>>> print(open('data-v5.cif').read())   # mmCIF, C-alpha atoms
data_model
loop_
_atom_site.label_atom_id
_atom_site.label_comp_id
_atom_site.auth_asym_id
_atom_site.auth_seq_id
_atom_site.Cartn_x
_atom_site.Cartn_y
_atom_site.Cartn_z
CA GLN A 1 3.23 -13.38 -75.08
CA SER A 2 3.68 -17.16 -75.40
CA VAL A 3 6.10 -19.06 -73.19
CA LEU A 4 7.15 -21.04 -76.28
CA THR A 5 8.80 -18.65 -78.73
CA GLN A 6 8.54 -19.07 -82.48
CA PRO A 7 9.52 -16.74 -85.31
CA PRO A 8 6.41 -14.89 -86.56
CA SER A 9 7.07 -15.79 -90.17
CA VAL A 10 9.31 -17.77 -92.49
CA SER A 11 9.38 -18.01 -96.25
CA ALA A 12 11.09 -20.02 -98.94
CA ALA A 13 10.65 -20.95 -102.58
CA PRO A 14 8.88 -24.08 -103.81
CA GLY A 15 11.10 -27.13 -103.57
CA GLN A 16 13.30 -25.58 -100.91
CA LYS A 17 13.67 -26.44 -97.22
CA VAL A 18 12.52 -24.34 -94.30
CA THR A 19 12.97 -24.74 -90.56
CA ILE A 20 10.85 -23.31 -87.76
CA SER A 21 12.25 -23.04 -84.26
CA CYS A 22 10.46 -23.26 -80.93
CA SER A 23 12.30 -22.04 -77.86
CA GLY A 24 11.15 -22.98 -74.39
CA SER A 25 12.69 -23.69 -71.00
CA SER A 26 13.79 -26.48 -68.69
CA SER A 27 10.27 -26.86 -67.30
CA ASN A 28 8.61 -27.51 -70.65
CA ILE A 29 10.59 -28.52 -73.74
CA GLY A 30 13.61 -29.36 -71.59
CA ASP A 31 11.47 -31.77 -69.60
CA HIS A 32 8.91 -33.02 -72.11
CA TYR A 33 8.19 -33.82 -75.71
CA VAL A 34 7.52 -31.27 -78.45
CA ALA A 35 4.57 -31.51 -80.82
CA TRP A 36 3.94 -29.53 -84.00
CA TYR A 37 0.65 -28.55 -85.64
CA ARG A 38 -0.38 -27.08 -88.96
CA GLN A 39 -3.43 -24.84 -89.23
CA VAL A 40 -5.13 -23.39 -92.23
CA PRO A 41 -7.28 -20.37 -91.25
CA GLY A 42 -10.85 -21.35 -90.47
CA THR A 43 -10.01 -24.95 -89.65
CA ALA A 44 -8.80 -26.81 -86.57
CA PRO A 45 -5.07 -27.46 -86.06
CA LYS A 46 -3.74 -30.77 -87.33
CA LEU A 47 -1.00 -32.78 -85.65
CA LEU A 48 2.17 -33.05 -87.72
CA ILE A 49 4.81 -34.23 -85.25
CA TYR A 50 4.63 -35.76 -81.77
CA ASP A 51 7.25 -37.01 -79.33
CA ASN A 52 9.75 -34.55 -80.85
CA ASN A 53 10.22 -36.41 -84.13
CA LYS A 54 7.43 -38.91 -84.81
CA ARG A 55 4.85 -38.49 -87.57
CA PRO A 56 1.23 -39.64 -87.29
CA SER A 57 -0.02 -41.90 -90.01
CA GLY A 58 -0.60 -39.97 -93.22
CA ILE A 59 1.91 -37.20 -92.60
CA PRO A 60 4.54 -37.24 -95.37
CA ASP A 61 8.22 -37.61 -94.52
CA ARG A 62 8.84 -34.11 -95.90
CA PHE A 63 7.92 -33.06 -92.36
CA SER A 64 10.42 -33.83 -89.62
CA GLY A 65 11.04 -32.71 -86.07
CA SER A 66 13.95 -32.55 -83.70
CA LYS A 67 14.70 -31.37 -80.19
CA SER A 68 17.82 -30.12 -78.49
CA TYR A 69 17.75 -29.22 -74.79
CA THR A 70 15.06 -26.54 -74.51
CA SER A 71 14.34 -26.00 -78.20
CA GLY A 72 12.45 -27.87 -80.87
CA THR A 73 12.68 -27.54 -84.62
CA LEU A 74 10.28 -28.39 -87.42
CA ALA A 75 11.78 -28.93 -90.86
CA ILE A 76 9.82 -29.04 -94.09
CA THR A 77 11.57 -30.11 -97.27
CA GLY A 78 10.37 -30.02 -100.85
CA LEU A 79 8.13 -27.05 -100.12
CA GLN A 80 4.81 -26.88 -101.93
CA THR A 81 2.40 -23.98 -102.22
CA GLY A 82 -0.07 -26.11 -100.30
CA ASP A 83 2.23 -25.99 -97.28
CA GLU A 84 1.32 -22.36 -96.70
CA ALA A 85 -0.29 -22.26 -93.27
CA ASP A 86 0.33 -21.35 -89.65
CA TYR A 87 2.54 -23.73 -87.68
CA TYR A 88 2.47 -24.10 -83.91
CA CYS A 89 4.66 -25.96 -81.46
CA ALA A 90 3.37 -27.31 -78.17
CA SER A 91 4.67 -28.95 -75.03
CA TRP A 92 3.67 -29.69 -71.44
CA ASP A 93 5.02 -27.51 -68.66
CA ARG A 94 5.84 -29.39 -65.48
CA GLY A 95 5.86 -26.31 -63.28
CA LEU A 96 2.59 -24.87 -64.55
CA SER A 97 0.90 -28.28 -64.97
CA ALA A 98 -0.38 -26.88 -68.23
CA ALA A 99 -0.03 -27.45 -71.95
CA LEU A 100 1.63 -24.61 -73.82
CA PHE A 101 1.44 -23.53 -77.43
CA GLY A 102 3.92 -21.39 -79.28
CA GLY A 103 2.99 -18.04 -80.74
CA GLY A 104 2.81 -19.51 -84.23
CA THR A 105 4.78 -19.11 -87.43
CA LYS A 106 3.24 -18.18 -90.75
CA LEU A 107 4.85 -20.04 -93.62
CA THR A 108 4.84 -18.38 -97.02
CA VAL A 109 5.93 -20.33 -100.08
CA LEU A 110 7.13 -17.70 -102.52
CA GLU B 111 -12.50 -42.47 -87.60
CA VAL B 112 -12.02 -40.23 -84.57
CA GLN B 113 -14.69 -37.54 -84.38
CA LEU B 114 -15.17 -34.81 -81.81
CA VAL B 115 -18.24 -32.60 -82.14
CA GLU B 116 -18.63 -29.54 -79.94
CA SER B 117 -21.90 -27.80 -79.18
CA GLY B 118 -23.36 -25.27 -76.79
CA GLY B 119 -21.58 -22.13 -77.92
CA GLY B 120 -23.21 -18.80 -78.58
CA LEU B 121 -23.60 -15.24 -77.39
CA VAL B 122 -23.66 -14.58 -73.66
CA GLN B 123 -23.57 -11.40 -71.61
CA PRO B 124 -20.59 -10.52 -69.41
CA GLY B 125 -20.92 -12.29 -66.08
CA GLY B 126 -23.03 -15.02 -67.62
CA SER B 127 -22.55 -18.74 -67.93
CA LEU B 128 -22.39 -21.27 -70.73
CA ARG B 129 -21.87 -25.03 -70.88
CA LEU B 130 -20.05 -26.55 -73.81
CA SER B 131 -20.40 -30.20 -74.75
CA CYS B 132 -18.23 -32.42 -76.91
CA THR B 133 -19.47 -35.76 -78.17
CA ALA B 134 -16.75 -38.23 -79.09
CA SER B 135 -16.84 -41.22 -81.42
CA GLY B 136 -14.46 -43.51 -83.26
CA PHE B 137 -12.33 -44.38 -80.22
CA THR B 138 -12.73 -45.64 -76.67
CA PHE B 139 -13.51 -42.35 -74.95
CA SER B 140 -12.98 -43.71 -71.44
CA ASP B 141 -9.36 -44.61 -72.26
CA PHE B 142 -8.23 -41.07 -72.97
CA TRP B 143 -7.58 -37.87 -71.08
CA MET B 144 -9.36 -34.98 -72.81
CA HIS B 145 -8.65 -31.26 -73.20
CA TRP B 146 -10.33 -27.98 -73.99
CA VAL B 147 -8.30 -25.47 -75.99
CA ARG B 148 -9.45 -22.05 -77.15
CA GLN B 149 -8.30 -19.77 -79.91
CA VAL B 150 -9.03 -16.22 -80.95
CA PRO B 151 -8.91 -16.04 -84.77
CA GLY B 152 -5.50 -14.87 -85.88
CA LYS B 153 -3.91 -15.81 -82.54
CA SER B 154 -2.29 -18.99 -81.31
CA PRO B 155 -4.26 -21.69 -79.48
CA VAL B 156 -4.43 -21.41 -75.70
CA TRP B 157 -4.85 -24.46 -73.49
CA VAL B 158 -7.77 -24.23 -71.07
CA ALA B 159 -8.11 -27.48 -69.14
CA ARG B 160 -7.72 -31.24 -69.18
CA ILE B 161 -9.38 -34.15 -67.41
CA GLN B 162 -8.17 -37.63 -66.64
CA ASP B 163 -9.71 -40.60 -68.40
CA ASP B 164 -11.51 -41.81 -65.25
CA ASP B 165 -12.52 -38.29 -64.14
CA LYS B 166 -10.30 -38.39 -61.05
CA SER B 167 -7.90 -35.58 -61.92
CA THR B 168 -8.14 -32.20 -63.63
CA ASN B 169 -5.80 -29.34 -64.51
CA TYR B 170 -6.70 -25.77 -65.41
CA ALA B 171 -5.00 -22.76 -66.92
CA ASP B 172 -4.55 -20.03 -64.31
CA PHE B 173 -6.88 -17.62 -66.09
CA VAL B 174 -9.89 -19.98 -65.82
CA ARG B 175 -9.26 -21.68 -62.50
CA GLY B 176 -12.23 -21.12 -60.22
CA ARG B 177 -14.50 -20.02 -63.08
CA PHE B 178 -14.49 -22.99 -65.46
CA LEU B 179 -15.17 -26.64 -64.65
CA ILE B 180 -14.20 -29.52 -66.92
CA SER B 181 -16.09 -32.78 -66.53
CA ARG B 182 -17.02 -35.86 -68.48
CA ASP B 183 -19.59 -38.62 -68.74
CA ASN B 184 -17.92 -41.76 -70.02
CA THR B 185 -21.29 -43.49 -70.35
CA ARG B 186 -22.33 -40.84 -72.89
CA ASN B 187 -18.87 -40.37 -74.49
CA THR B 188 -19.23 -36.69 -73.72
CA LEU B 189 -16.87 -34.00 -72.43
CA TYR B 190 -18.15 -30.80 -70.84
CA LEU B 191 -16.88 -27.34 -70.01
CA GLN B 192 -18.97 -25.28 -67.62
CA MET B 193 -17.98 -21.65 -67.97
CA ASN B 194 -19.04 -19.11 -65.33
CA SER B 195 -18.33 -15.42 -64.73
CA LEU B 196 -17.54 -14.93 -68.39
CA THR B 197 -15.78 -11.81 -69.59
CA ALA B 198 -15.07 -10.39 -73.04
CA GLU B 199 -11.58 -11.92 -72.82
CA ASP B 200 -13.18 -15.38 -72.91
CA THR B 201 -14.48 -14.74 -76.43
CA ALA B 202 -12.89 -17.36 -78.67
CA VAL B 203 -13.41 -20.55 -80.61
CA TYR B 204 -13.36 -23.43 -78.13
CA TYR B 205 -12.00 -26.79 -79.25
CA CYS B 206 -12.41 -30.16 -77.64
CA ALA B 207 -9.29 -32.28 -78.17
CA ARG B 208 -8.00 -35.74 -77.35
CA ASP B 209 -4.91 -36.15 -75.21
CA PHE B 210 -1.78 -37.57 -76.74
CA TYR B 211 1.26 -37.69 -74.47
CA TYR B 212 0.20 -34.55 -72.57
CA VAL B 213 -0.55 -32.57 -75.72
CA VAL B 214 -3.37 -33.24 -78.18
CA ASP B 215 -3.79 -35.17 -81.39
CA TYR B 216 -7.37 -34.94 -82.66
CA TRP B 217 -9.37 -31.72 -82.47
CA GLY B 218 -13.06 -31.01 -82.94
CA GLN B 219 -14.28 -28.43 -85.42
CA GLY B 220 -14.62 -25.83 -82.68
CA VAL B 221 -17.53 -23.82 -81.31
CA GLN B 222 -17.74 -20.03 -81.09
CA VAL B 223 -18.25 -18.39 -77.72
CA THR B 224 -18.90 -14.65 -77.77
CA VAL B 225 -19.16 -12.64 -74.56
CA SER B 226 -20.74 -9.27 -75.23
CA SER B 227 -23.51 -7.03 -74.00
#
>>> encode(input="data-v5.cif", output="C-alpha coordinates")
Amino acid sequence: QSVLTQPPSVSAAPGQKVTISCSGSSSNIGDHYVAWYRQVPGTAPKLLIYDNNKRPSGIPDRFSGSKSYTSGTLAITGLQTGDEADYYCASWDRGLSAALFGGGTKLTVL
Amino acid sequence: EVQLVESGGGLVQPGGSLRLSCTASGFTFSDFWMHWVRQVPGKSPVWVARIQDDDKSTNYADFVRGRFLISRDNTRNTLYLQMNSLTAEDTAVYYCARDFYYVVDYWGQGVQVTVSS
(Lines of atoms letter the chains of each structure in order from A and count residues from 1; the text may use other names and numbers.)
(Lines give C-alpha, C1' and ligand atoms only; values in the text may rest on other atoms or scores of the structure.)
Protein backbone atom coordinates (compact mmCIF):
# COMPACT_ATOMS: atom_id res chain seq x y z
CA GLN A 1 0.00 0.00 0.00
CA SER A 2 1.52 3.32 -1.13
CA VAL A 3 1.93 6.22 1.28
CA LEU A 4 0.71 8.53 -1.51
CA THR A 5 -2.89 7.64 -2.32
CA GLN A 6 -4.33 7.93 -5.81
CA PRO A 7 -7.64 6.70 -7.22
CA PRO A 8 -7.06 3.41 -9.09
CA SER A 9 -8.82 4.62 -12.21
CA VAL A 10 -10.48 7.61 -13.84
CA SER A 11 -12.26 7.95 -17.14
CA ALA A 12 -13.71 10.65 -19.34
CA ALA A 13 -14.71 11.24 -22.93
CA PRO A 14 -12.44 12.74 -25.58
CA GLY A 15 -12.26 16.51 -25.29
CA GLN A 16 -13.30 16.49 -21.65
CA LYS A 17 -11.28 17.30 -18.53
CA VAL A 18 -10.15 14.85 -15.89
CA THR A 19 -8.41 15.34 -12.55
CA ILE A 20 -6.31 12.85 -10.60
CA SER A 21 -5.70 13.36 -6.91
CA CYS A 22 -2.70 12.39 -4.81
CA SER A 23 -3.11 12.42 -1.05
CA GLY A 24 -0.11 12.40 1.24
CA SER A 25 0.87 13.79 4.64
CA SER A 26 2.70 16.62 6.34
CA SER A 27 6.03 14.82 5.99
CA ASN A 28 5.88 14.44 2.22
CA ILE A 29 3.51 16.51 0.08
CA GLY A 30 2.92 18.92 2.96
CA ASP A 31 6.65 19.55 3.16
CA HIS A 32 7.84 19.11 -0.42
CA TYR A 33 6.99 19.43 -4.07
CA VAL A 34 4.77 17.05 -6.03
CA ALA A 35 5.77 15.56 -9.38
CA TRP A 36 3.60 13.68 -11.86
CA TYR A 37 4.57 10.99 -14.37
CA ARG A 38 2.87 9.29 -17.29
CA GLN A 39 3.68 5.69 -18.16
CA VAL A 40 2.62 3.60 -21.09
CA PRO A 41 3.01 -0.14 -20.29
CA GLY A 42 6.38 -1.48 -21.35
CA THR A 43 8.10 1.90 -21.27
CA ALA A 44 9.75 4.03 -18.60
CA PRO A 45 7.75 6.74 -16.80
CA LYS A 46 7.95 10.23 -18.25
CA LEU A 47 7.93 13.43 -16.21
CA LEU A 48 4.85 15.58 -16.79
CA ILE A 49 4.85 18.02 -13.87
CA TYR A 50 7.49 19.05 -11.33
CA ASP A 51 7.53 21.54 -8.47
CA ASN A 52 3.76 21.08 -8.09
CA ASN A 53 2.80 22.94 -11.26
CA LYS A 54 5.71 23.33 -13.68
CA ARG A 55 5.92 21.55 -17.03
CA PRO A 56 9.18 20.32 -18.59
CA SER A 57 9.89 21.48 -22.09
CA GLY A 58 7.70 19.67 -24.59
CA ILE A 59 4.80 18.90 -22.27
CA PRO A 60 1.63 20.56 -23.61
CA ASP A 61 -0.30 23.01 -21.45
CA ARG A 62 -3.25 20.60 -21.44
CA PHE A 63 -1.42 19.11 -18.45
CA SER A 64 -1.41 21.13 -15.26
CA GLY A 65 -0.67 20.50 -11.61
CA SER A 66 -1.61 22.02 -8.30
CA LYS A 67 -1.02 21.42 -4.62
CA SER A 68 -3.01 22.21 -1.52
CA TYR A 69 -1.61 21.34 1.91
CA THR A 70 -1.01 17.58 1.78
CA SER A 71 -2.61 16.83 -1.58
CA GLY A 72 -1.63 17.29 -5.18
CA THR A 73 -3.81 17.26 -8.27
CA LEU A 74 -3.08 16.60 -11.92
CA ALA A 75 -5.53 18.02 -14.44
CA ILE A 76 -5.70 17.03 -18.09
CA THR A 77 -7.92 19.02 -20.43
CA GLY A 78 -8.90 18.34 -24.01
CA LEU A 79 -8.54 14.60 -23.49
CA GLN A 80 -7.22 12.55 -26.38
CA THR A 81 -7.21 8.79 -26.84
CA GLY A 82 -3.43 9.00 -26.76
CA ASP A 83 -3.61 10.18 -23.16
CA GLU A 84 -4.60 6.70 -22.03
CA ALA A 85 -1.84 5.58 -19.69
CA ASP A 86 -0.96 5.11 -16.04
CA TYR A 87 -0.29 8.28 -14.07
CA TYR A 88 1.82 8.44 -10.91
CA CYS A 89 2.47 11.16 -8.38
CA ALA A 90 5.71 11.39 -6.42
CA SER A 91 7.21 13.40 -3.60
CA TRP A 92 10.06 13.31 -1.09
CA ASP A 93 9.35 12.27 2.47
CA ARG A 94 11.33 14.18 5.07
CA GLY A 95 10.78 11.65 7.83
CA LEU A 96 11.67 8.60 5.77
CA SER A 97 14.42 10.36 3.78
CA ALA A 98 12.97 8.56 0.80
CA ALA A 99 11.20 9.33 -2.44
CA LEU A 100 7.64 8.07 -2.62
CA PHE A 101 5.42 7.18 -5.54
CA GLY A 102 1.66 6.98 -5.56
CA GLY A 103 -0.17 3.77 -6.29
CA GLY A 104 -0.99 4.94 -9.80
CA THR A 105 -4.14 5.88 -11.67
CA LYS A 106 -5.19 4.30 -14.94
CA LEU A 107 -6.75 6.84 -17.28
CA THR A 108 -9.29 5.58 -19.79
CA VAL A 109 -10.53 7.88 -22.53
CA LEU A 110 -13.94 6.53 -23.44
CA GLU B 1 20.04 14.49 -25.28
CA VAL B 2 20.02 12.89 -21.84
CA GLN B 3 20.56 9.14 -22.04
CA LEU B 4 20.71 6.58 -19.25
CA VAL B 5 21.52 3.00 -20.20
CA GLU B 6 21.27 0.23 -17.61
CA SER B 7 23.00 -3.12 -17.82
CA GLY B 8 23.86 -6.09 -15.66
CA GLY B 9 20.42 -7.53 -15.05
CA GLY B 10 19.48 -11.16 -15.40
CA LEU B 11 18.46 -14.29 -13.55
CA VAL B 12 19.99 -14.96 -10.15
CA GLN B 13 19.27 -17.53 -7.47
CA PRO B 14 17.82 -16.54 -4.09
CA GLY B 15 20.62 -15.41 -1.81
CA GLY B 16 22.76 -14.41 -4.76
CA SER B 17 24.22 -11.12 -5.84
CA LEU B 18 24.07 -8.91 -8.90
CA ARG B 19 25.61 -5.56 -9.84
CA LEU B 20 23.70 -3.18 -12.05
CA SER B 21 25.40 -0.41 -14.00
CA CYS B 22 24.00 2.71 -15.60
CA THR B 23 25.99 4.71 -18.11
CA ALA B 24 24.96 8.33 -18.47
CA SER B 25 25.44 10.75 -21.34
CA GLY B 26 24.08 14.06 -22.59
CA PHE B 27 24.56 15.93 -19.31
CA THR B 28 27.25 16.62 -16.73
CA PHE B 29 26.91 13.46 -14.65
CA SER B 30 28.98 14.77 -11.75
CA ASP B 31 26.53 17.66 -11.22
CA PHE B 32 23.54 15.49 -10.41
CA TRP B 33 22.34 13.24 -7.63
CA MET B 34 21.21 9.91 -9.08
CA HIS B 35 18.57 7.34 -8.12
CA TRP B 36 17.62 3.72 -8.60
CA VAL B 37 13.91 2.95 -8.83
CA ARG B 38 12.34 -0.45 -9.38
CA GLN B 39 8.98 -1.53 -10.69
CA VAL B 40 7.11 -4.79 -10.92
CA PRO B 41 5.06 -4.77 -14.15
CA GLY B 42 1.52 -3.66 -13.39
CA LYS B 43 2.56 -2.06 -10.09
CA SER B 44 3.71 1.43 -9.22
CA PRO B 45 7.40 2.39 -9.17
CA VAL B 46 9.23 1.97 -5.88
CA TRP B 47 12.21 4.11 -4.96
CA VAL B 48 15.31 2.13 -3.99
CA ALA B 49 18.21 4.50 -3.33
CA ARG B 50 19.89 7.76 -4.23
CA ILE B 51 23.44 9.08 -4.16
CA GLN B 52 24.81 12.58 -3.94
CA ASP B 53 26.58 14.11 -6.92
CA ASP B 54 30.00 13.94 -5.25
CA ASP B 55 29.41 10.47 -3.74
CA LYS B 56 29.44 11.78 -0.16
CA SER B 57 25.87 10.96 0.83
CA THR B 58 23.42 8.14 0.17
CA ASN B 59 19.86 7.24 1.14
CA TYR B 60 18.16 3.85 0.96
CA ALA B 61 14.66 2.47 1.16
CA ASP B 62 14.20 0.46 4.36
CA PHE B 63 13.67 -2.80 2.51
CA VAL B 64 17.13 -2.69 0.87
CA ARG B 65 19.22 -1.03 3.55
CA GLY B 66 22.11 -3.31 4.47
CA ARG B 67 21.70 -5.46 1.34
CA PHE B 68 22.09 -2.99 -1.53
CA LEU B 69 24.87 -0.47 -2.10
CA ILE B 70 24.59 2.48 -4.46
CA SER B 71 27.81 3.98 -5.78
CA ARG B 72 29.12 5.97 -8.71
CA ASP B 73 32.22 6.68 -10.73
CA ASN B 74 32.08 10.24 -12.02
CA THR B 75 35.17 9.65 -14.17
CA ARG B 76 33.24 6.97 -16.08
CA ASN B 77 29.80 8.68 -15.92
CA THR B 78 28.50 5.48 -14.39
CA LEU B 79 26.10 4.67 -11.57
CA TYR B 80 26.08 1.29 -9.84
CA LEU B 81 23.79 -0.77 -7.66
CA GLN B 82 25.33 -3.73 -5.88
CA MET B 83 22.56 -6.07 -4.79
CA ASN B 84 23.27 -8.81 -2.24
CA SER B 85 21.13 -11.38 -0.42
CA LEU B 86 18.53 -11.21 -3.14
CA THR B 87 15.07 -12.65 -2.62
CA ALA B 88 12.13 -13.28 -4.94
CA GLU B 89 10.63 -10.00 -3.73
CA ASP B 90 13.51 -8.15 -5.41
CA THR B 91 12.34 -9.34 -8.83
CA ALA B 92 11.51 -6.22 -10.84
CA VAL B 93 12.60 -3.90 -13.61
CA TYR B 94 15.30 -1.62 -12.22
CA TYR B 95 15.56 1.92 -13.54
CA CYS B 96 18.41 4.35 -13.23
CA ALA B 97 17.10 7.92 -12.98
CA ARG B 98 18.43 11.45 -12.68
CA ASP B 99 17.55 13.54 -9.66
CA PHE B 100 15.37 16.59 -10.09
CA TYR B 101 14.44 18.42 -6.89
CA TYR B 102 14.46 15.20 -4.83
CA VAL B 103 12.39 13.25 -7.33
CA VAL B 104 13.49 12.20 -10.82
CA ASP B 105 13.21 13.59 -14.31
CA TYR B 106 14.95 11.32 -16.81
CA TRP B 107 14.74 7.54 -16.61
CA GLY B 108 16.70 4.80 -18.33
CA GLN B 109 14.97 2.07 -20.30
CA GLY B 110 15.19 -0.31 -17.34
CA VAL B 111 16.82 -3.69 -16.80
CA GLN B 112 15.09 -6.87 -15.67
CA VAL B 113 16.24 -8.59 -12.49
CA THR B 114 14.70 -11.99 -11.79
CA VAL B 115 15.40 -13.85 -8.56
CA SER B 116 14.41 -17.48 -8.87
CA SER B 117 15.75 -20.96 -8.33
>>> closest_residue(input="data-v5.cif", among="A:Thr5, A:Thr81, A:Thr43, A:Thr70", to="Leu100 of chain A", atoms="all atoms listed in the file")
A:Thr5
>>> resolve_selection(input="data-v5.cif", expression="the PyMOL selection byres ((chain B) within 9 of (chain A))", output="PyMOL selection string")
chain B and resi 151-160+169-172+205+210-220
>>> atom_distance(input="data-v5.cif", atom1="atom CA of Gln113 of chain B", atom2="atom CA of Ser140 of chain B")
14.4 Å
>>> resolve_selection(input="data-v5.cif", expression="the PyMOL selection byres ((chain A and resi 64) around 10)", output="list in words")
Thr19, Trp36, Leu48, Ile49, Tyr50, Asn52, Asn53, Lys54, Arg55, Ile59, Pro60, Asp61, Arg62, Phe63, Gly65, Ser66, Thr73, Leu74, Ala75, Ile76 and Thr77 of chain A
>>> residues_around(input="data-v5.cif", residues="Ala198 of chain B", least_positions_apart="4", cutoff="7 Å", atoms="all atoms listed in the file", output="list in words")
Pro124, Val225 and Ser226 of chain B
>>> atom_distance(input="data-v5.cif", atom1="atom CA of Ala207 of chain B", atom2="atom CA of Ser26 of chain A")
25.6 Å
>>> closest_residue(input="data-v5.cif", among="A:Ser57, A:Ser9, A:Ser68, A:Ser25", to="Ala85 of chain A", atoms="all atoms listed in the file")
A:Ser9
>>> closest_residue(input="data-v5.cif", among="A:Gly58, A:Pro14, A:Arg94, A:Gly78", to="Asp31 of chain A", atoms="all atoms listed in the file")
A:Arg94
>>> residues_around(input="data-v5.cif", residues="segment 189-196 of chain B", least_positions_apart="6", cutoff="8 Å", atoms="only C-alpha atoms", output="PyMOL selection string")
chain B and resi 123-134+144+146+177-183+206+225
>>> closest_residue(input="data-v5.cif", among="A:Thr108, A:Ser27, A:Ser71, A:Gln80", to="Val10 of chain A", atoms="all atoms listed in the file")
A:Thr108
>>> atom_distance(input="data-v5.cif", atom1="atom CA of Val174 of chain B", atom2="atom CA of Thr201 of chain B")
12.7 Å
>>> closest_residue(input="data-v5.cif", among="B:Thr224, B:Thr138, B:Ser167, B:Thr185", to="Val203 of chain B", atoms="only C-alpha atoms")
B:Thr224
>>> resolve_selection(input="data-v5.cif", expression="the PyMOL selection byres ((chain B and resi 139) around 9)", output="list of chain:residue names")
B:Ala134, B:Ser135, B:Gly136, B:Phe137, B:Thr138, B:Ser140, B:Asp141, B:Phe142, B:Trp143, B:Met144, B:Asp163, B:Asn184, B:Asn187, B:Thr188, B:Arg208
>>> closest_residue(input="data-v5.cif", among="B:Thr168, B:Gln162, B:Gln149, B:Gln222", to="Glu116 of chain B", atoms="all atoms listed in the file")
B:Gln222
